[in-house]
file work-v2.tsv (TSV, C-alpha atoms)
chain	number	residue	atom	x	y	z
E	16	MET	CA	33.13	-17.82	2.67
E	17	GLU	CA	32.14	-14.90	0.49
E	18	ASN	CA	32.50	-11.50	2.12
E	19	SER	CA	29.57	-9.09	2.15
E	20	SER	CA	31.67	-6.46	0.40
E	21	GLU	CA	31.95	-8.77	-2.62
E	22	VAL	CA	28.17	-8.97	-3.07
E	23	THR	CA	27.58	-5.90	-5.19
E	24	PHE	CA	24.51	-7.14	-7.05
E	25	PHE	CA	21.66	-9.61	-6.77
E	26	ILE	CA	20.01	-11.85	-9.37
E	27	LEU	CA	16.19	-11.95	-9.34
E	28	ALA	CA	15.79	-15.60	-10.30
E	29	ALA	CA	11.97	-15.64	-10.29
E	30	TYR	CA	11.81	-14.19	-13.81
E	31	GLY	CA	13.43	-17.22	-15.43
E	32	ASP	CA	13.39	-17.38	-19.23
E	33	LEU	CA	10.29	-15.54	-20.43
E	34	GLY	CA	11.08	-16.04	-24.11
E	35	LYS	CA	8.88	-14.12	-26.52
E	36	MET	CA	6.19	-13.86	-23.84
E	37	LYS	CA	8.26	-11.10	-22.23
E	38	TYR	CA	6.84	-8.60	-24.72
E	39	PHE	CA	3.29	-9.52	-23.73
E	40	TYR	CA	4.13	-9.26	-20.01
E	41	PHE	CA	5.91	-5.96	-20.61
E	42	SER	CA	2.90	-4.50	-22.44
E	43	PHE	CA	0.50	-5.68	-19.75
E	44	VAL	CA	2.63	-4.33	-16.88
E	45	LEU	CA	3.18	-1.02	-18.71
E	46	LEU	CA	-0.57	-0.61	-19.29
E	47	LEU	CA	-1.23	-1.42	-15.65
E	48	ASN	CA	1.37	1.08	-14.49
E	49	LEU	CA	0.05	3.87	-16.72
E	50	THR	CA	-3.52	3.19	-15.54
E	51	ILE	CA	-2.42	3.37	-11.90
E	52	ILE	CA	-0.55	6.63	-12.47
E	53	PHE	CA	-3.45	8.20	-14.39
E	54	ALA	CA	-6.14	7.13	-11.89
E	55	ASN	CA	-4.24	8.25	-8.79
E	56	ILE	CA	-3.01	11.56	-10.23
E	57	THR	CA	-6.52	12.36	-11.47
E	58	LEU	CA	-8.07	11.90	-8.03
E	59	ILE	CA	-5.22	13.63	-6.19
E	60	SER	CA	-5.65	16.64	-8.49
E	61	LEU	CA	-9.43	16.55	-8.02
E	62	ILE	CA	-9.13	16.57	-4.22
E	63	PHE	CA	-6.59	19.40	-4.41
E	64	VAL	CA	-8.59	21.73	-6.69
E	65	ASP	CA	-12.19	20.99	-5.66
E	66	ARG	CA	-13.10	22.96	-2.52
E	67	SER	CA	-16.01	20.63	-1.73
E	68	LEU	CA	-13.44	17.87	-1.08
E	69	HIS	CA	-11.34	19.91	1.35
E	70	GLU	CA	-12.50	17.82	4.29
E	71	PRO	CA	-10.50	15.53	6.63
E	72	MET	CA	-11.75	12.28	5.08
E	73	TYR	CA	-10.71	13.33	1.58
E	74	VAL	CA	-7.33	14.58	2.80
E	75	PHE	CA	-6.65	11.08	4.15
E	76	ILE	CA	-7.92	9.53	0.90
E	77	GLY	CA	-5.62	11.86	-1.04
E	78	ASN	CA	-2.73	10.76	1.17
E	79	LEU	CA	-3.63	7.16	0.32
E	80	PHE	CA	-3.45	7.96	-3.40
E	81	ILE	CA	-0.05	9.65	-2.96
E	82	ASN	CA	1.18	6.49	-1.26
E	83	GLU	CA	-0.07	4.42	-4.20
E	84	LEU	CA	2.12	6.51	-6.52
E	85	TYR	CA	5.02	6.06	-4.11
E	86	GLY	CA	4.56	2.28	-4.14
E	87	SER	CA	4.15	2.07	-7.91
E	88	THR	CA	7.33	4.09	-8.42
E	89	ALA	CA	9.20	1.61	-6.22
E	90	LEU	CA	7.85	-1.43	-8.09
E	91	PHE	CA	7.07	-0.84	-11.74
E	92	PRO	CA	10.22	0.73	-13.25
E	93	MET	CA	12.38	-2.20	-12.11
E	94	LEU	CA	9.63	-4.70	-12.98
E	95	LEU	CA	9.41	-3.35	-16.53
E	96	LEU	CA	13.19	-3.31	-16.90
E	97	HIS	CA	13.64	-6.91	-15.75
E	98	THR	CA	10.72	-8.18	-17.81
E	99	LEU	CA	12.64	-7.26	-20.99
E	100	SER	CA	16.12	-8.03	-19.62
E	101	ASP	CA	17.86	-11.39	-20.02
E	102	THR	CA	20.12	-11.12	-16.94
E	103	HIS	CA	17.78	-9.84	-14.18
E	104	LYS	CA	20.62	-8.27	-12.20
E	105	ILE	CA	20.00	-5.48	-9.71
E	106	SER	CA	22.72	-3.61	-7.83
E	107	ARG	CA	22.77	-3.94	-4.08
E	108	ALA	CA	22.18	-0.20	-3.67
E	109	PHE	CA	19.03	-0.29	-5.83
E	110	CYS	CA	17.88	-3.45	-4.09
E	111	VAL	CA	18.18	-1.79	-0.67
E	112	LEU	CA	16.32	1.26	-1.99
E	113	GLN	CA	13.52	-0.94	-3.34
E	114	VAL	CA	13.31	-2.86	-0.06
E	115	PHE	CA	12.98	0.41	1.86
E	116	CYS	CA	10.36	1.89	-0.47
E	117	LEU	CA	8.17	-1.23	-0.77
E	118	HIS	CA	8.15	-2.00	2.96
E	119	THR	CA	7.45	1.61	3.97
E	120	TYR	CA	4.72	1.70	1.31
E	121	GLY	CA	2.99	-1.20	3.07
E	122	LEU	CA	3.40	0.41	6.50
E	123	ILE	CA	2.02	3.74	5.30
E	124	GLU	CA	-0.93	1.98	3.66
E	125	LEU	CA	-1.91	0.19	6.87
E	126	CYS	CA	-1.41	3.26	9.07
E	127	ASN	CA	-3.48	5.36	6.69
E	128	PHE	CA	-6.32	2.83	6.91
E	129	ALA	CA	-6.14	3.15	10.71
E	130	VAL	CA	-6.39	6.95	10.59
E	131	MET	CA	-9.26	6.76	8.09
E	132	ALA	CA	-11.12	4.33	10.38
E	133	TYR	CA	-10.61	6.71	13.32
E	134	ASP	CA	-11.89	9.61	11.21
E	135	ARG	CA	-15.07	7.69	10.32
E	136	TYR	CA	-15.51	6.73	13.98
E	137	LEU	CA	-15.50	10.40	15.01
E	138	ALA	CA	-17.77	11.45	12.13
E	139	ILE	CA	-20.39	8.76	12.81
E	140	CYS	CA	-20.18	8.26	16.58
E	141	HIS	CA	-19.41	11.85	17.64
E	142	PRO	CA	-20.80	14.07	14.84
E	143	LEU	CA	-21.33	17.12	17.10
E	144	HIS	CA	-17.68	17.11	18.20
E	145	TYR	CA	-16.19	16.04	14.87
E	146	SER	CA	-15.00	19.49	13.77
E	147	SER	CA	-13.22	20.19	17.05
E	148	ARG	CA	-11.69	16.72	17.40
E	149	MET	CA	-10.61	16.46	13.76
E	150	SER	CA	-9.26	19.94	13.11
E	151	TYR	CA	-7.11	20.63	10.06
E	152	CYS	CA	-4.05	20.94	12.31
E	153	LYS	CA	-4.73	17.44	13.65
E	154	VAL	CA	-5.39	16.09	10.14
E	155	TYR	CA	-2.05	17.24	8.75
E	156	SER	CA	-0.25	16.17	11.94
E	157	LEU	CA	-1.66	12.66	11.48
E	158	VAL	CA	-0.56	12.59	7.83
E	159	VAL	CA	2.99	13.59	8.80
E	160	PHE	CA	3.00	11.05	11.65
E	161	ILE	CA	2.00	8.23	9.26
E	162	TRP	CA	5.00	8.86	7.01
E	163	VAL	CA	7.54	9.59	9.76
E	164	PHE	CA	6.51	6.59	11.89
E	165	SER	CA	6.69	4.25	8.87
E	166	PHE	CA	10.11	5.52	7.78
E	167	ILE	CA	11.63	5.34	11.27
E	168	ARG	CA	10.10	1.93	12.04
E	169	PHE	CA	11.52	0.28	8.96
E	170	THR	CA	14.87	2.12	9.06
E	171	VAL	CA	15.65	0.21	12.25
E	172	THR	CA	14.88	-3.12	10.53
E	173	LEU	CA	16.90	-2.18	7.48
E	174	SER	CA	19.92	-1.06	9.51
E	175	ILE	CA	20.10	-4.51	11.14
E	176	GLN	CA	19.91	-6.21	7.75
E	177	LEU	CA	22.65	-4.04	6.21
E	178	ARG	CA	25.23	-5.24	8.75
E	179	LEU	CA	24.86	-8.89	7.70
E	180	PRO	CA	27.66	-10.50	5.66
E	181	LEU	CA	26.16	-12.24	2.63
E	182	CYS	CA	27.18	-15.56	1.09
E	183	GLY	CA	24.91	-15.50	-1.92
E	184	ASN	CA	23.23	-13.14	-4.36
E	185	ILE	CA	20.25	-15.05	-5.77
E	186	ILE	CA	16.77	-13.85	-4.74
E	187	HIS	CA	13.83	-16.00	-5.84
E	188	LYS	CA	11.45	-13.06	-6.25
E	189	VAL	CA	10.51	-10.57	-8.94
E	190	CYS	CA	11.56	-7.75	-6.62
E	191	CYS	CA	13.76	-7.29	-3.57
E	192	ASP	CA	12.36	-7.74	-0.08
E	193	ASN	CA	14.01	-7.62	3.31
E	194	TYR	CA	13.65	-11.25	4.40
E	195	SER	CA	14.95	-12.61	1.07
E	196	VAL	CA	18.18	-10.67	1.63
E	197	VAL	CA	18.42	-11.78	5.27
E	198	LYS	CA	18.22	-15.44	4.16
E	199	LEU	CA	21.45	-14.93	2.17
E	200	SER	CA	23.42	-14.19	5.34
E	201	CYS	CA	26.56	-16.16	6.19
E	202	ILE	CA	25.94	-15.90	9.92
E	203	ASP	CA	23.13	-16.75	12.31
E	204	THR	CA	20.13	-14.47	11.80
E	205	THR	CA	18.22	-15.22	15.01
E	206	VAL	CA	18.34	-11.56	16.08
E	207	ASN	CA	17.04	-10.45	12.68
E	208	ASN	CA	14.28	-13.07	12.75
E	209	ILE	CA	13.16	-12.15	16.28
E	210	TYR	CA	13.16	-8.43	15.56
E	211	GLY	CA	11.54	-9.07	12.17
E	212	LEU	CA	8.64	-10.91	13.81
E	213	PHE	CA	8.40	-8.25	16.52
E	214	GLY	CA	8.49	-5.50	13.87
E	215	THR	CA	5.78	-7.27	11.86
E	216	PHE	CA	3.62	-7.60	14.97
E	217	LEU	CA	4.21	-3.93	15.84
E	218	SER	CA	3.45	-2.80	12.29
E	219	VAL	CA	0.18	-4.75	12.27
E	220	ALA	CA	-0.94	-4.31	15.90
E	221	VAL	CA	-0.48	-0.52	16.10
E	222	PRO	CA	-2.85	0.19	13.16
E	223	LEU	CA	-5.13	-2.81	13.79
E	224	ILE	CA	-6.19	-1.76	17.30
E	225	PRO	CA	-7.76	1.58	16.24
E	226	ILE	CA	-9.21	-0.07	13.11
E	227	LEU	CA	-11.03	-2.80	15.06
E	228	TYR	CA	-12.10	-0.39	17.81
E	229	SER	CA	-13.41	2.19	15.33
E	230	TYR	CA	-15.44	-0.22	13.21
E	231	ALA	CA	-16.83	-2.00	16.28
E	232	LYS	CA	-18.13	1.34	17.56
E	233	ILE	CA	-19.46	2.28	14.11
E	234	LEU	CA	-21.39	-1.00	13.81
E	235	ARG	CA	-22.84	-0.50	17.29
E	236	VAL	CA	-24.09	2.99	16.39
E	237	CYS	CA	-25.43	1.82	13.02
E	238	PHE	CA	-27.61	-0.87	14.63
E	239	LYS	CA	-29.25	1.82	16.79
E	240	SER	CA	-29.69	4.37	13.98
E	241	PRO	CA	-32.49	4.83	11.42
E	242	LYS	CA	-32.11	2.93	8.16
E	243	GLU	CA	-31.19	6.07	6.17
E	244	ALA	CA	-28.36	6.88	8.58
E	245	GLN	CA	-27.16	3.26	8.41
E	246	VAL	CA	-26.95	3.37	4.61
E	247	LYS	CA	-25.05	6.67	4.63
E	248	ALA	CA	-22.57	5.41	7.23
E	249	LEU	CA	-22.01	2.09	5.49
E	250	ASN	CA	-21.50	3.77	2.09
E	251	THR	CA	-18.47	5.64	3.47
E	252	CYS	CA	-17.09	2.65	5.39
E	253	VAL	CA	-17.61	-0.22	2.92
E	254	PRO	CA	-14.81	0.83	0.50
E	255	GLN	CA	-12.36	1.08	3.40
E	256	VAL	CA	-13.32	-2.35	4.77
E	257	ILE	CA	-13.10	-4.04	1.35
E	258	LEU	CA	-9.70	-2.50	0.60
E	259	LEU	CA	-8.41	-3.29	4.08
E	260	VAL	CA	-9.45	-6.96	3.85
E	261	ASN	CA	-7.89	-7.25	0.39
E	262	PHE	CA	-4.64	-5.70	1.63
E	263	ALA	CA	-4.58	-7.90	4.76
E	264	VAL	CA	-5.16	-11.16	2.87
E	265	SER	CA	-2.51	-10.31	0.27
E	266	GLY	CA	-0.06	-9.25	2.97
E	267	ALA	CA	-0.65	-12.47	4.92
E	268	PHE	CA	0.24	-14.52	1.83
E	269	GLU	CA	3.48	-12.56	1.39
E	270	VAL	CA	4.45	-13.20	5.02
E	271	VAL	CA	3.69	-16.92	4.62
E	272	GLN	CA	5.68	-17.04	1.37
E	273	ASN	CA	8.70	-15.49	3.08
E	274	ARG	CA	8.62	-17.56	6.24
E	275	PHE	CA	7.70	-21.01	4.90
E	276	ASP	CA	8.78	-23.30	2.08
E	277	MET	CA	6.56	-22.51	-0.91
E	278	THR	CA	8.48	-24.39	-3.60
E	279	HIS	CA	5.47	-26.65	-4.15
E	280	VAL	CA	3.56	-23.59	-5.45
E	281	PRO	CA	4.33	-22.85	-9.14
E	282	GLN	CA	6.74	-19.93	-9.59
E	283	PHE	CA	4.32	-18.13	-11.92
E	284	THR	CA	1.60	-18.27	-9.24
E	285	ARG	CA	3.95	-16.88	-6.60
E	286	ASN	CA	5.09	-14.11	-8.94
E	287	ALA	CA	1.50	-13.20	-9.84
E	288	LEU	CA	0.45	-13.05	-6.18
E	289	THR	CA	3.45	-10.88	-5.27
E	290	VAL	CA	2.61	-8.40	-8.04
E	291	TYR	CA	-1.06	-8.58	-7.03
E	292	LEU	CA	-0.20	-7.69	-3.42
E	293	LEU	CA	1.75	-4.63	-4.50
E	294	ALA	CA	-0.19	-3.47	-7.56
E	295	CYS	CA	-3.82	-4.28	-6.75
E	296	PRO	CA	-4.26	-1.64	-4.00
E	297	GLN	CA	-2.66	0.95	-6.27
E	298	LEU	CA	-5.37	0.35	-8.87
E	299	LEU	CA	-8.28	-0.75	-6.69
E	300	ASN	CA	-8.14	2.18	-4.22
E	301	PRO	CA	-8.82	4.98	-6.75
E	302	ILE	CA	-11.45	2.88	-8.50
E	303	MET	CA	-13.29	2.03	-5.28
E	304	TYR	CA	-13.24	5.57	-3.92
E	305	GLY	CA	-13.98	7.11	-7.30
E	306	VAL	CA	-17.03	4.88	-7.82
E	307	ARG	CA	-18.38	4.33	-4.31
E	308	LEU	CA	-18.08	7.82	-2.78
E	309	THR	CA	-20.81	10.05	-4.18
E	310	LYS	CA	-19.00	13.29	-3.42
E	311	ILE	CA	-15.87	12.30	-5.38
E	312	ARG	CA	-17.98	10.89	-8.21
E	313	THR	CA	-20.03	14.09	-8.43
E	314	ALA	CA	-16.96	16.35	-8.25
E	315	LEU	CA	-15.26	14.36	-11.01
E	316	LYS	CA	-18.38	14.52	-13.19
E	317	ASN	CA	-18.61	18.30	-12.65
E	318	ARG	CA	-14.99	18.73	-13.76
E	319	LEU	CA	-15.29	16.47	-16.80
E	320	PHE	CA	-18.74	17.60	-17.98
E	321	PRO	CA	-19.29	21.13	-16.59
E	322	ASN	CA	-21.81	22.14	-19.26
E	323	SER	CA	-23.93	19.02	-18.75
E	324	CYS	CA	-24.00	19.54	-14.97
E	325	ALA	CA	-24.90	23.21	-15.36
E	326	ALA	CA	-27.79	22.30	-17.65
E	327	ASN	CA	-29.10	19.75	-15.13
E	328	THR	CA	-29.20	22.32	-12.36
E	329	LYS	CA	-31.42	24.68	-14.38

call {"tool": "encode", "arguments": {"input": "work-v2.tsv", "output": "structure tokens"}}
result
Amino acid sequence: MENSSEVTFFILAAYGDLGKMKYFYFSFVLLLNLTIIFANITLISLIFVDRSLHEPMYVFIGNLFINELYGSTALFPMLLLHTLSDTHKISRAFCVLQVFCLHTYGLIELCNFAVMAYDRYLAICHPLHYSSRMSYCKVYSLVVFIWVFSFIRFTVTLSIQLRLPLCGNIIHKVCCDNYSVVKLSCIDTTVNNIYGLFGTFLSVAVPLIPILYSYAKILRVCFKSPKEAQVKALNTCVPQVILLVNFAVSGAFEVVQNRFDMTHVPQFTRNALTVYLLACPQLLNPIMYGVRLTKIRTALKNRLFPNSCAANTK
């Protein structure tokens, strides 16, 4: 039996032999990564410098963009490296770091959606009390809570995984994830599986309850409001709902892929869906909020074309 101390690296077997196509994949992934970095940094900077966007909703959106950069940093450098590499080896230390970053990225994303849903609930259902209930102190406290809760929640899961002795080092993924490492254990992993399912339920249930409650209340108010108020409310909520559904469906596939035998699905398809799960929100979020939210779109236009906007106001 191979001792865990002897497993110093893992092999990411999902890459296989890319041949000359690796240069095409590398170029595509690099372009995608640069686009994600540019889009998110642009909107983070815009929210930071434009005083008209110094409101709770945009602070939470800015936090979402920061998390996208955090997730892309955890994924793309190693993805680019292994796309060109012929060995696809990753040290155990880097694998653990990637596991931590990618899983906390997902937790932060879901928790941030929950806080954004709660913010919209207060703004639409309790507009007269919004300023007092969503003070700047509360806003920044919620942002800190999102990150601290996500880090602590997954640290417990990771600490259980790190104590397992491993009898293999081949991971059939394009990146490291917690359950793939657990499956390499030499011993029974019932405790890990039970806590993993409990942790998954906790990670989903805690954000999902305020999300469902908030949007149920918003829909109820919208049905009783004038048409103009309905359109305004839906315009701020639609991007969140679309992005949340996309993230939930992608996340559900990843859970199914980890827990069930998916060998009948082509490896390329599984790889593409894994990258989609991780990369799509990082690109789609800034695009959706940059296009759908009038205030961000207007602020961006004012910064890019100040002379044109000044002429229009005359």

call {"tool": "atom_distance", "arguments": {"input": "work-v2.tsv", "atom1": "CA of Ile311 (chain E)", "atom2": "CA of Asn55 (chain E)"}}
result
12.8 Å

call {"tool": "closest_atom_pairs", "arguments": {"input": "work-v2.tsv", "of": "region 227-275 of chain E", "to": "region 111-126 of chain E", "cutoff": "10 Å", "atoms": "all atoms listed in the file", "output": "tab-separated table"}}
result
residue	atom	partner	partner_atom	distance
E:Leu259	CA	E:Leu125	CA	7.9
E:Phe262	CA	E:Leu125	CA	8.3
E:Ala263	CA	E:Leu125	CA	8.8
E:Gly266	CA	E:Gly121	CA	8.6

call {"tool": "atom_distance", "arguments": {"input": "work-v2.tsv", "atom1": "CA of Leu99 (chain E)", "atom2": "CA of Lys37 (chain E)"}}
result
6.0 Å

call {"tool": "closest_residue", "arguments": {"input": "work-v2.tsv", "among": "E:Phe268, E:Tyr194, E:Phe128, E:Tyr145", "to": "Ile226 (chain E)", "atoms": "all atoms listed in the file"}}
result
E:Phe128

call {"tool": "residues_around", "arguments": {"input": "work-v2.tsv", "residues": "region 62-68 of chain E", "least_positions_apart": "5", "cutoff": "12 Å", "atoms": "all atoms listed in the file", "output": "MDAnalysis selection string"}}
result
chainID E and resid 55:57 73:81 301 304:305 308:318
